[in-house]
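Student: One structure is given below, represented as structure tokens, and several questions about it will come after.
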Amino acid sequence: GRFGDFGGKYVPETLMYALEELEEAYKEAQQDESFKQALIKELYEYSGRPTAMTYAERLSEHYGGAQIYLKREDLNHTGAHKINNALAQGLLAMRMGKKQIIAETGAGQHGVASATVAARFGLSCKVFMGAEDIRRQELNVFRMRLLGAEVIEVQSGGKTLKDATNEAIRHWVANVEDTFYLIGSAVGPHPYPMMVRDFQSVIGEESIAQMKRMIGRLPDEVVACVGGGSNAIGMFHPFINYDDVALTGIEAAGKGVDTTEHAATLTRGRKGVLHGSLSYLLQDENGNITEPYSISAGLDYPGIGPEHAHLRDIKRVNYESVTDDEAMKALKDLCELEGILPAIETAHALAYVERHAKTMSKDDVLLVCLSGRGDKDVMTIQETLEADKG
Amino acid sequence: GRFGDFGGKYVPETLMYALEELEEAYKEAQQDESFKQALIKELYEYSGRPTAMTYAERLSEHYGGAQIYLKREDLNHTGAHKINNALAQGLLAMRMGKKQIIAETGAGQHGVASATVAARFGLSCKVFMGAEDIRRQELNVFRMRLLGAEVIEVQSGGKTLKDATNEAIRHWVANVEDTFYLIGSAVGPHPYPMMVRDFQSVIGEESIAQMKRMIGRLPDEVVACVGGGSNAIGMFHPFINYDDVALTGIEAAGKGVDTTEHAATLTRGRKGVLHGSLSYLLQDENGNITEPYSISAGLDYPGIGPEHAHLRDIKRVNYESVTDDEAMKALKDLCELEGILPAIETAHALAYVERHAKTMSKDDVLLVCLSGRGDKDVMTIQETLEADKG
Amino acid sequence: MNRLKQDAFQSKKERFVPYIMSSDPSYEASIDIALTLEEAGVDAIEWGVPFSDPLADGPVIQEAGDRARKAGGGLRRAVEGAKEARAKGLTVPLVLFTYINPVLSVGFKEVIELMEDADMDGILIPDLPFEESEELRALCNEKGISLISLVAPSSKNRMEKISRLGDGFIYYVTSLGVTGTRESFAEELSESIQKLRDVASVPVLAGFGISTREHVQHFQSIADGVIVGSALVRFISEREDTLLQANREKPLQEIKSFIEELCS
Amino acid sequence: MNRLKQDAFQSKKERFVPYIMSSDPSYEASIDIALTLEEAGVDAIEWGVPFSDPLADGPVIQEAGDRARKAGGGLRRAVEGAKEARAKGLTVPLVLFTYINPVLSVGFKEVIELMEDADMDGILIPDLPFEESEELRALCNEKGISLISLVAPSSKNRMEKISRLGDGFIYYVTSLGVTGTRESFAEELSESIQKLRDVASVPVLAGFGISTREHVQHFQSIADGVIVGSALVRFISEREDTLLQANREKPLQEIKSFIEELCS
């Protein structure tokens with residue numbers, strides 16, 4: 001259950017048996033052809049995989065360097081990569097005979113994905129969400145409720161993703177016998193980071209096949225945004241052994257990594273344990289977790305998946321950060337040049353592309369994981385654009 | 001330019017040359033392999049086609065009759081079938097050397113699709129939209145503006161789709177030399193209804209292939225909602241010659257076809273000319289068009305594509321109507337049983353399915369065109385559900 | 001007998017044809033306005049039928065249509081008004097200006113019979129291009145009513161075909177866009193109108209956006225006459241209140257002066 | 001020498017161990033409370049370290065942690081307070097209750113050395129299951145500090161493995177869920193606790209949700225003692241104002257009575 005030093009299972013004893021049971025069930029499922037087939041069926045016939053690979057000609061010209069390709073996870077059912085993992089864990093929950101799922105959510109994408117899967121499979125669903133995120137992601141909250149899920153407003157701490165996760169874990173501790181905790185990012189105790197990575201690897205696997213078909217080779221660099229890091233790990237993992245492919249993860253620098261308002265865990269964090277695994281963390285000198293900040297509810301998290309911590313330490317993946325302002329600029333560029341409204345999370349990866357593509361040659365290929373669509377973010381975007389106007 | 005008695009080109013002389021030019025350009029494009037390839041590329045690599053075919057197991061069980069399959073046009077980029085046609089007409093506009101496109105929109109889906117295509121292809125874009133629809137479809141309005149389109153608020157008449165179309169035609173008349181009018185439904189003067197049908201037929205073509213692969217035969221009945229009728233005609237057209245496949249179009253009955261508040265054109269209309277073609281129309285004894293009503297901005301239109309009028313008259317397609325209330329009920333069912341939030345337009349087709357599936361045998365297959373997703377409708381849904389509560 | 005085809009109209013120079021909306025602001029007032037226009041010396045009158053979706057018209061005529069519909073206007077009522085105007089002594093040619101849907105709604109045959117009965121001379125349908133007009137044209141020919149054709153700068157190679165069907169007069173749309181007053185006109189118009197006059201066997205009248213004495217004089221010099229719509233309809237709309245009174249002498253006198261001023 | 005391992009604790013019956021949060025409501029007050037608990041006759045004290053994300057705790061202890069952090073509390077400060085309490089005469093065994101992250105943040109080695117210096121006896125980390133505890137356990141063993149293990153009803157076949165590592169005492173989590181007071185307990189608990197006592201070589205104390213004299217008596221009868229947390233912490237929180245005054249005799253006396261009442 002470790003990635004180098006990172007990972008592990010730092011949870012109350014009450015949950016340990018459930019984690020062992022889950023690990024066992026996951027191992028069995030992996031060996032079971034019928035599970036694989038059921039998952040493929042849901043991914044392809046329900047969620048609409050494979051997602052498209054789009055060449056962004058006008059964006060490439062505008063940024064003036066590498067040729068930019070977009071892996072279109074925004075075209076998934078419910079509008080983000082989250083559904084890949086939610087469908088898989090949902091099938092696992094059914095296999096384990098659990099009738100209730102719980103989930104935490106930040107941007108609401110994982111909450112919507114979980115509520116969707118619960119509806120599709122006939123499970124009951126509770127989604128824990130910070131009060132601040134509920135405000136920022138009104139559309140997704142309503143979608144979850146329409147899908148029949150109960151959205152539980154979390155008032156503790158900064159009222160964002162971290163706090164929602166705490167509450168989800170507390171609920172799980174109290175209801176571990178019949179409840180499946182459907183974790184949405186590559187975080188949490190073992191086996192979650194591994195499981196989520198495996199379930200999201202379809203992104204990178206499809207990308208490899210599509211790139212080979214479209215350009216006859218692999219891209220020179222692959223970019224993804226990193227909050228907990230599930231879209232990034234799903235994209236990166238299949239590329240790990242291709243040493244020629246540079247991998248770059250983009251964290252949220254909020255108002256700047258030199259301010260106190262950011263979520264740049266790898267840039268500014270120290271090793272620590274949050275939500276069951278050892279990784280890098282934003283924390284104070286007493287080991288208290290500090291409140292992260294990002295305009296993006298999905299990146300507003302003080303931790304990061306343990307495998308990312310490991311990939312950073314072994315220098316296989318390069319991690320950089322992007323501010324709110326840079327992300328919003330890149331979001332507008334993609335709208336106006338390619339007709340695609342990305343999630344603000346995703347816009348962080350695109351802002352790096354704006355900065356970086358021009359340093360590359362026109363023969364180079366830069367692949368971006370377009371992790372989700374931005375419809376859920378229009379309120380935030382509107383507020384930001386209006387604030388800019390004065 | 002006729003479908004039986006229906007269709008034609010009833011427009012001011014100012015536009016006639018432009019229509020001839022368009023017809024010519026369309027004929028040439030159809031013969032041109034490079035146009036076809038460019039379109040396929042955009043449909044597959046940009047919009048994410050082919051869209052999935054989903055078996056709705058829980059919905060089928062719940063309705064207790066036919067096996068229900070959903071053709072998932074909601075998984076298209078921008079969330080509805082509208083993009084199929086917008087991409088095609090956008091390519092045609094570029095081929096004709098036009099730098100500006102204009103579009104009318106009701107639900108905003110076609111407006112978003114047009115704004116998207118304009119951004120993707122680097123064209124300028126004006127979208128005409130009724131003030132009432134702007135209120136109902138706030139999210140889509142903001143999306144269009146983010147995509148760089150100018151949204152022009154129309155204050156005339158009932159301030160919905162009909163009025164937006166009038167204004168778009170007026171603008172076209174004044175700017176016909178350099179402007180391409182990107183009509184979003186299977187309405188308007190020839191060649192639009194034919195062109196839109198052809199561009200949307202990818203829905204039915206894919207469905208035939210998918211049905212054969214999944215159930216080894218064609219469905220027993222195919223259902224689609226009808227406002228102007230583009231998703232329906234795109235779905236039906238490839239099935240027309242398969243006499244064993246029943247085809248059913250669903251109109252919006254609003255508050256009931258016996259009230260004055262509905263949009264059930266075929267049920268309650270008389271022959272007439274609106275927006276350039278002869279079809280059925282909701283009109284008074286003086287030949288004035290009456291204001292239609294539907295909870296769904298996309299079905300709130302007093303006319304219908306001329307080919308539907310013809311298919312009704314020759315009895316190849318059966319048309320029925322569904323009220324606001326029935327549609328909202330079906331919308332909730334699909335959310336809660338399959339995890340799919342459909343557009344309110346689409347929910348009209350689903351409401352017919354609820355009514356009709358149970359009259360069919362469990363061996364029968366009912367295919368529904370899931371024309372769009374309902375994210376754009378959450379405000380309306382929220383208002384309706386709250387009004388229901390008290 | 002169709003007055004448009006008579007020598008008085010066909011051989012006249014500098015024809016001036018105003019457009020007004022029937023039943024705007026009331027059935028009776030619009031008849032009085034028509035009679036006043038004749039007194040002012042106009043050469044024919046376009047008699048508008050109100051319609052809910054007048055997509056070739058700008059806001060001024062749209063609003064006139066809305067007023068007329070509120071006042072009970074419609075196609076049958078417009079023809080009835082024309083008949084009454086004739087009974088009251090109107091002698092100038094009368095052209096019914098209507099969109100196609102009201103005509104379809106009543107029925108082609110009935111419309112033409114009603115018009116014949118009302119002693120009207122022509123019909124102009126802006127959304128009925130010649131390709132769609134065969135049936136109606138035959139009915140018009142039978143009853144001696146002129147189906148007026150329109151030509152626009154964007155008609156290009158269609159101009160000749162249309163001019164061959166010219167009957168009564170040809171309406172040359174002087175600018176792209178919908179009806180309404182405009183500040184300036186394209187230079188190439190003059191050339192285009194001349195080309196049309198060369199091939200047409202009937203007079204070519206210019207319309208759309210002509211609103212000032214200068215416009216009128218300009219188009220009188222390059223065409224066989226002008227049609228003035230929105231400018232007059234706006235002038236009428238500004239006198240809605242007084243025109244609705246029992247004694248409407250004053251506003252009618254003002255309309256007369258307005259026309260005389262435009263034509264002077 | 002580790003007081004948990006001494007006979008006084010190991011051979012005692014009906015052990016009563018309260019949990020309090022260091023620095024709640026102030027550094028000094030929490031030390032006085034500890035001394036008061038000893039006066040009340042408790043057998044050991046769990047000495048809480050405030051933490052931002054206490055995910056095994058319910059709202060009562062979360063809020064105590066928030067108060068303590070505002071009052072400057074933290075891991076180093078908690079050990080400092082323990083040392084001061086010892087200096088003021090505290091003699092009962094002291095167990096540091098902390099989440100793993102504050103321990104990692106200071107460093108395993110330094111934490112254990114600080115605890116040794118403060119003469120503390122045990123450490124309990126609810127989010128450090130035995131699988132992750134090897135390094136810390138070795139350090140604890142070296143310094144003679146007990147690393148307290150937890151067992152839950154859901155531990156199932158893990159119970160035996162854990163009991164083998166039992167040191168000082170084993171904390172039996174009497175209900176699923178987080179800390180907090182509860183109305184009723186599952187019947188099967190009794191059996192499960194007995195099973196654990198059979199295999200464990202150290203006392204088994206029951207905790208989580210024990211809040212009334214009846215609960216205490218019940219668990220004293222089926223386990224080797226009880227731990228009371230939230231009920232006491234809430235009682236303290238209700239006296240925040242008076243505990244923050246210079247003279248806190250009255251609230252301390254009330255706390256003493258509260259404990260005596262619970263144990264009676």
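Going through the structure tokens in order, the chains are called A, B, and so on, while each chain numbers its residues from 1 and the ligands are numbered from 1 in the order shown.
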Would you give me, as a PyMOL selection string, the residues of chain D that come within 9 Å of chain A, using only C-alpha atoms?
Tutor: chain D and resi 50-58+73-76+100-106+125-132+149-158+173+175-178
Student: Give the residues of chain B that lie within 8 Å of chain A; count only C-alpha atoms, and format the answer as a PDB file with N, CA and C atoms, in the first residue's frame.
Tutor:
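Ended up saving to result-v3.pdb:
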```pdb
ATOM      1  N   TYR B  44     -16.340  13.545 -35.034  1.00  0.00           N
ATOM      2  CA  TYR B  44     -15.751  12.477 -34.243  1.00  0.00           C
ATOM      3  C   TYR B  44     -14.674  12.980 -33.294  1.00  0.00           C
ATOM      4  N   GLU B  45     -13.794  13.851 -33.804  1.00  0.00           N
ATOM      5  CA  GLU B  45     -12.647  14.251 -32.991  1.00  0.00           C
ATOM      6  C   GLU B  45     -12.916  15.497 -32.160  1.00  0.00           C
ATOM      7  N   TYR B  46     -13.976  16.198 -32.457  1.00  0.00           N
ATOM      8  CA  TYR B  46     -14.274  17.409 -31.675  1.00  0.00           C
ATOM      9  C   TYR B  46     -15.532  17.216 -30.825  1.00  0.00           C
ATOM     10  N   SER B  47     -16.601  16.749 -31.484  1.00  0.00           N
ATOM     11  CA  SER B  47     -17.871  16.656 -30.750  1.00  0.00           C
ATOM     12  C   SER B  47     -18.038  15.329 -30.015  1.00  0.00           C
ATOM     13  N   GLY B  48     -17.174  14.356 -30.325  1.00  0.00           N
ATOM     14  CA  GLY B  48     -17.212  13.113 -29.559  1.00  0.00           C
ATOM     15  C   GLY B  48     -18.130  12.038 -30.110  1.00  0.00           C
ATOM     16  N   ARG B  49     -18.505  12.155 -31.381  1.00  0.00           N
ATOM     17  CA  ARG B  49     -19.301  11.092 -31.971  1.00  0.00           C
ATOM     18  C   ARG B  49     -18.440   9.851 -32.176  1.00  0.00           C
ATOM     19  N   THR B  51     -22.116   9.011 -30.589  1.00  0.00           N
ATOM     20  CA  THR B  51     -22.655   9.079 -29.237  1.00  0.00           C
ATOM     21  C   THR B  51     -23.100   7.678 -28.808  1.00  0.00           C
ATOM     22  N   ALA B  52     -23.100   7.470 -27.495  1.00  0.00           N
ATOM     23  CA  ALA B  52     -23.396   6.137 -26.970  1.00  0.00           C
ATOM     24  C   ALA B  52     -24.857   5.739 -27.199  1.00  0.00           C
ATOM     25  N   MET B  53     -25.080   4.447 -27.177  1.00  0.00           N
ATOM     26  CA  MET B  53     -26.431   3.880 -27.119  1.00  0.00           C
ATOM     27  C   MET B  53     -26.530   3.176 -25.767  1.00  0.00           C
ATOM     28  N   THR B  54     -27.432   3.648 -24.928  1.00  0.00           N
ATOM     29  CA  THR B  54     -27.521   3.148 -23.550  1.00  0.00           C
ATOM     30  C   THR B  54     -28.788   2.326 -23.349  1.00  0.00           C
ATOM     31  N   TYR B  55     -28.623   1.150 -22.805  1.00  0.00           N
ATOM     32  CA  TYR B  55     -29.787   0.355 -22.427  1.00  0.00           C
ATOM     33  C   TYR B  55     -30.234   0.814 -21.037  1.00  0.00           C
ATOM     34  N   ARG B  58     -33.177  -0.118 -15.645  1.00  0.00           N
ATOM     35  CA  ARG B  58     -34.064   0.182 -14.518  1.00  0.00           C
ATOM     36  C   ARG B  58     -35.307   0.931 -14.975  1.00  0.00           C
ATOM     37  N   LEU B  75     -24.585  13.486 -24.931  1.00  0.00           N
ATOM     38  CA  LEU B  75     -23.141  13.344 -24.719  1.00  0.00           C
ATOM     39  C   LEU B  75     -22.312  14.098 -25.749  1.00  0.00           C
ATOM     40  N   ASN B  76     -22.969  14.683 -26.730  1.00  0.00           N
ATOM     41  CA  ASN B  76     -22.248  15.529 -27.677  1.00  0.00           C
ATOM     42  C   ASN B  76     -21.609  16.719 -26.978  1.00  0.00           C
ATOM     43  N   HIS B  77     -20.556  17.223 -27.540  1.00  0.00           N
ATOM     44  CA  HIS B  77     -20.005  18.501 -27.098  1.00  0.00           C
ATOM     45  C   HIS B  77     -21.115  19.554 -27.131  1.00  0.00           C
ATOM     46  N   ALA B 115     -22.390  29.387 -31.390  1.00  0.00           N
ATOM     47  CA  ALA B 115     -21.296  30.167 -30.812  1.00  0.00           C
ATOM     48  C   ALA B 115     -20.039  29.307 -30.722  1.00  0.00           C
ATOM     49  N   THR B 116     -20.238  28.047 -30.406  1.00  0.00           N
ATOM     50  CA  THR B 116     -19.130  27.098 -30.298  1.00  0.00           C
ATOM     51  C   THR B 116     -18.434  26.912 -31.633  1.00  0.00           C
ATOM     52  N   VAL B 117     -19.255  26.679 -32.642  1.00  0.00           N
ATOM     53  CA  VAL B 117     -18.713  26.465 -33.986  1.00  0.00           C
ATOM     54  C   VAL B 117     -18.005  27.735 -34.471  1.00  0.00           C
ATOM     55  N   ALA B 118     -18.604  28.888 -34.185  1.00  0.00           N
ATOM     56  CA  ALA B 118     -17.987  30.148 -34.598  1.00  0.00           C
ATOM     57  C   ALA B 118     -16.614  30.298 -33.942  1.00  0.00           C
ATOM     58  N   ALA B 119     -16.532  29.979 -32.652  1.00  0.00           N
ATOM     59  CA  ALA B 119     -15.250  30.068 -31.956  1.00  0.00           C
ATOM     60  C   ALA B 119     -14.248  29.080 -32.559  1.00  0.00           C
ATOM     61  N   ARG B 120     -14.699  27.870 -32.744  1.00  0.00           N
ATOM     62  CA  ARG B 120     -13.814  26.826 -33.260  1.00  0.00           C
ATOM     63  C   ARG B 120     -13.271  27.167 -34.649  1.00  0.00           C
ATOM     64  N   PHE B 121     -14.122  27.811 -35.477  1.00  0.00           N
ATOM     65  CA  PHE B 121     -13.715  28.096 -36.849  1.00  0.00           C
ATOM     66  C   PHE B 121     -13.249  29.547 -37.047  1.00  0.00           C
ATOM     67  N   GLY B 122     -13.319  30.353 -35.992  1.00  0.00           N
ATOM     68  CA  GLY B 122     -12.851  31.733 -36.111  1.00  0.00           C
ATOM     69  C   GLY B 122     -13.801  32.644 -36.871  1.00  0.00           C
ATOM     70  N   LEU B 139     -28.072  30.051 -18.071  1.00  0.00           N
ATOM     71  CA  LEU B 139     -26.782  29.368 -18.193  1.00  0.00           C
ATOM     72  C   LEU B 139     -26.289  29.384 -19.626  1.00  0.00           C
ATOM     73  N   PHE B 142     -25.035  32.804 -20.791  1.00  0.00           N
ATOM     74  CA  PHE B 142     -23.690  33.103 -20.332  1.00  0.00           C
ATOM     75  C   PHE B 142     -22.652  32.296 -21.107  1.00  0.00           C
ATOM     76  N   ARG B 143     -22.978  31.043 -21.385  1.00  0.00           N
ATOM     77  CA  ARG B 143     -22.032  30.229 -22.168  1.00  0.00           C
ATOM     78  C   ARG B 143     -21.767  30.846 -23.538  1.00  0.00           C
ATOM     79  N   LEU B 146     -19.476  33.771 -23.182  1.00  0.00           N
ATOM     80  CA  LEU B 146     -18.104  33.325 -22.914  1.00  0.00           C
ATOM     81  C   LEU B 146     -17.429  32.839 -24.183  1.00  0.00           C
ATOM     82  N   LEU B 147     -18.215  32.250 -25.054  1.00  0.00           N
ATOM     83  CA  LEU B 147     -17.670  31.720 -26.310  1.00  0.00           C
ATOM     84  C   LEU B 147     -17.406  32.840 -27.311  1.00  0.00           C
ATOM     85  N   GLY B 148     -17.715  34.062 -26.924  1.00  0.00           N
ATOM     86  CA  GLY B 148     -17.400  35.200 -27.783  1.00  0.00           C
ATOM     87  C   GLY B 148     -18.550  35.632 -28.669  1.00  0.00           C
ATOM     88  N   LYS B 332     -37.821  13.520 -13.969  1.00  0.00           N
ATOM     89  CA  LYS B 332     -37.395  13.027 -12.652  1.00  0.00           C
ATOM     90  C   LYS B 332     -37.152  11.524 -12.659  1.00  0.00           C
ATOM     91  N   CYS B 335     -33.755  10.809 -14.151  1.00  0.00           N
ATOM     92  CA  CYS B 335     -32.714  11.175 -13.180  1.00  0.00           C
ATOM     93  C   CYS B 335     -32.547  10.075 -12.146  1.00  0.00           C
ATOM     94  N   GLU B 336     -33.652   9.709 -11.554  1.00  0.00           N
ATOM     95  CA  GLU B 336     -33.576   8.834 -10.384  1.00  0.00           C
ATOM     96  C   GLU B 336     -33.342   7.370 -10.727  1.00  0.00           C
ATOM     97  N   LEU B 337     -33.741   6.971 -11.924  1.00  0.00           N
ATOM     98  CA  LEU B 337     -33.607   5.556 -12.279  1.00  0.00           C
ATOM     99  C   LEU B 337     -32.395   5.253 -13.138  1.00  0.00           C
ATOM    100  N   GLU B 338     -31.908   6.263 -13.871  1.00  0.00           N
ATOM    101  CA  GLU B 338     -30.767   5.995 -14.749  1.00  0.00           C
ATOM    102  C   GLU B 338     -29.612   6.959 -14.552  1.00  0.00           C
ATOM    103  N   GLY B 339     -29.798   7.961 -13.694  1.00  0.00           N
ATOM    104  CA  GLY B 339     -28.699   8.896 -13.483  1.00  0.00           C
ATOM    105  C   GLY B 339     -28.440   9.803 -14.674  1.00  0.00           C
ATOM    106  N   ILE B 340     -29.478  10.075 -15.428  1.00  0.00           N
ATOM    107  CA  ILE B 340     -29.325  10.957 -16.595  1.00  0.00           C
ATOM    108  C   ILE B 340     -30.338  12.089 -16.462  1.00  0.00           C
ATOM    109  N   LEU B 341     -29.835  13.317 -16.472  1.00  0.00           N
ATOM    110  CA  LEU B 341     -30.705  14.497 -16.415  1.00  0.00           C
ATOM    111  C   LEU B 341     -30.945  14.976 -17.851  1.00  0.00           C
ATOM    112  N   ASP B 375     -28.859  20.223 -17.963  1.00  0.00           N
ATOM    113  CA  ASP B 375     -28.152  21.177 -17.106  1.00  0.00           C
ATOM    114  C   ASP B 375     -28.668  22.595 -17.318  1.00  0.00           C
ATOM    115  N   VAL B 378     -31.912  23.646 -15.180  1.00  0.00           N
ATOM    116  CA  VAL B 378     -32.086  23.461 -13.736  1.00  0.00           C
ATOM    117  C   VAL B 378     -32.880  24.587 -13.097  1.00  0.00           C
ATOM    118  N   GLN B 382     -36.091  23.746 -10.984  1.00  0.00           N
ATOM    119  CA  GLN B 382     -36.121  24.180  -9.593  1.00  0.00           C
ATOM    120  C   GLN B 382     -37.401  24.985  -9.319  1.00  0.00           C
TER     121      GLN B 382
END
```
Student: If DSSP is run on the backbone, what residues of range 5-222 of chain C are alpha helix (DSSP H)? A reply as a ChimeraX atom specification would be ideal.
Tutor: /C:7-10,27-39,59-70,75-87,100-106,108-117,134-143,158-164,188-199,213-222
Student: For a test of reading the model, state the distance in Å between CA of Thr98 in chain C and CA of Glu28 in chain C, rounded to one decimal.
Tutor: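 Spanning CA of Thr98 in chain C to CA of Glu28 in chain C is a straight-line distance of 19.4 Å.
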Student: Would you please work out which residue, of D:Gly209, D:Asp119, D:Leu37, D:His215, is nearest to Gln253 in chain D when using only C-alpha atoms?
Tutor: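 Nearest candidate to Gln253 in chain D out of D:Gly209, D:Asp119, D:Leu37, D:His215: D:Leu37.
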Student: Calculate how many Å separate CA of Phe6 in chain A from CA of Glu20 in chain A, rounding to one decimal.
Tutor: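 CA of Glu20 in chain A lies at a distance of 18.5 Å from CA of Phe6 in chain A.
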Student: Would you compute the distance between CA of Glu38 in chain D and CA of Gly89 in chain D? Give it in Å to one decimal.
Tutor: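 Computed distance, CA of Glu38 in chain D to CA of Gly89 in chain D, equals 9.7 Å.
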Student: Applying 9 Å and only C-alpha atoms, which residues near range 292-297 of chain B remain after dropping the ones on its own chain fewer than 3 positions away? List them as an MDAnalysis selection string.
Tutor: chainID B and resid 105:108 132:133 136:137 158 160:162 252:255 260:265 282 289 300:302 323:324 343:345 377 380
Student: Save out the residues we just selected, N, CA and C atoms, as a compact mmCIF listing (two decimals), in the first residue's frame.
Tutor:
```
# COMPACT_ATOMS: atom_id res chain seq x y z
N THR B 105 -32.14 31.22 -31.41
CA THR B 105 -32.15 30.13 -30.45
C THR B 105 -33.33 30.22 -29.50
N GLY B 106 -33.83 29.07 -29.09
CA GLY B 106 -34.93 29.03 -28.13
C GLY B 106 -34.37 28.59 -26.79
N ALA B 107 -34.11 27.30 -26.65
CA ALA B 107 -33.54 26.78 -25.42
C ALA B 107 -32.10 27.24 -25.22
N GLY B 108 -31.52 27.78 -26.26
CA GLY B 108 -30.13 28.21 -26.16
C GLY B 108 -29.16 27.15 -26.62
N GLU B 132 -37.77 36.34 -23.07
CA GLU B 132 -38.33 35.34 -22.16
C GLU B 132 -37.41 34.11 -22.08
N ASP B 133 -36.88 33.71 -23.23
CA ASP B 133 -35.98 32.56 -23.24
C ASP B 133 -34.65 32.89 -22.56
N ARG B 136 -35.24 32.21 -19.12
CA ARG B 136 -35.37 30.79 -18.79
C ARG B 136 -34.07 30.02 -18.93
N GLN B 137 -33.15 30.55 -19.75
CA GLN B 137 -31.96 29.76 -20.07
C GLN B 137 -30.69 30.53 -19.82
N GLY B 158 -44.00 37.23 -28.38
CA GLY B 158 -43.98 36.51 -27.12
C GLY B 158 -42.57 36.40 -26.55
N THR B 160 -40.07 34.76 -27.59
CA THR B 160 -39.48 33.41 -27.57
C THR B 160 -38.93 33.09 -28.97
N LEU B 161 -38.85 31.81 -29.26
CA LEU B 161 -38.13 31.35 -30.45
C LEU B 161 -38.66 31.95 -31.76
N LYS B 162 -39.97 32.02 -31.91
CA LYS B 162 -40.53 32.58 -33.14
C LYS B 162 -40.03 34.00 -33.38
N ALA B 252 -45.16 19.39 -27.75
CA ALA B 252 -45.40 19.92 -26.41
C ALA B 252 -46.84 20.35 -26.28
N ALA B 253 -47.57 19.72 -25.36
CA ALA B 253 -48.96 20.09 -25.12
C ALA B 253 -49.09 21.15 -24.04
N GLY B 254 -47.96 21.63 -23.52
CA GLY B 254 -47.99 22.72 -22.53
C GLY B 254 -48.94 22.40 -21.39
N LYS B 255 -49.94 23.25 -21.22
CA LYS B 255 -50.92 23.02 -20.16
C LYS B 255 -52.10 22.20 -20.66
N THR B 260 -55.35 27.27 -24.30
CA THR B 260 -54.68 28.10 -25.32
C THR B 260 -53.17 28.04 -25.13
N GLU B 261 -52.72 27.35 -24.10
CA GLU B 261 -51.29 27.34 -23.81
C GLU B 261 -50.66 26.01 -24.17
N HIS B 262 -50.27 25.89 -25.41
CA HIS B 262 -49.57 24.68 -25.85
C HIS B 262 -48.75 25.01 -27.10
N ALA B 263 -48.00 24.02 -27.56
CA ALA B 263 -47.22 24.22 -28.77
C ALA B 263 -47.41 23.00 -29.67
N ALA B 264 -48.63 22.45 -29.65
CA ALA B 264 -48.92 21.22 -30.37
C ALA B 264 -49.36 21.54 -31.80
N THR B 265 -48.38 21.85 -32.61
CA THR B 265 -48.60 22.34 -33.96
C THR B 265 -49.37 21.37 -34.84
N LEU B 282 -49.65 27.12 -35.75
CA LEU B 282 -50.67 27.59 -34.82
C LEU B 282 -51.02 29.03 -35.22
N ILE B 289 -49.97 34.38 -36.54
CA ILE B 289 -49.40 33.28 -35.78
C ILE B 289 -49.74 33.51 -34.31
N ASP B 300 -41.13 25.52 -27.71
CA ASP B 300 -42.06 26.63 -27.64
C ASP B 300 -42.08 27.35 -28.99
N TYR B 301 -42.59 26.68 -30.00
CA TYR B 301 -42.52 27.18 -31.38
C TYR B 301 -43.84 26.84 -32.07
N PRO B 302 -44.42 27.82 -32.79
CA PRO B 302 -45.76 27.60 -33.36
C PRO B 302 -45.75 26.84 -34.68
N THR B 323 -47.92 16.89 -21.96
CA THR B 323 -48.02 18.15 -21.22
C THR B 323 -46.74 18.46 -20.43
N ASP B 324 -46.65 19.70 -19.98
CA ASP B 324 -45.56 20.11 -19.09
C ASP B 324 -45.41 19.14 -17.93
N ALA B 343 -32.72 17.12 -21.04
CA ALA B 343 -33.32 18.42 -21.31
C ALA B 343 -34.84 18.28 -21.17
N ILE B 344 -35.51 19.38 -20.84
CA ILE B 344 -36.97 19.31 -20.72
C ILE B 344 -37.58 18.96 -22.08
N GLU B 345 -36.97 19.41 -23.17
CA GLU B 345 -37.43 19.03 -24.50
C GLU B 345 -37.50 17.51 -24.59
N ASP B 377 -31.48 23.51 -17.89
CA ASP B 377 -32.86 23.67 -17.42
C ASP B 377 -33.01 23.70 -15.91
N THR B 380 -35.37 26.29 -14.38
CA THR B 380 -36.79 26.02 -14.65
C THR B 380 -37.28 24.84 -13.80
```
Student: Near Gly249 in chain A, counting only C-alpha atoms, which residues have an atom at most 6 Å away, once you skip same-chain residues fewer than 3 positions from it, shown as a list in words?
Tutor: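 With the cut-off at 6 Å, the set is Val223, Ala224, Cys225, Val226 and Tyr319 of chain A.
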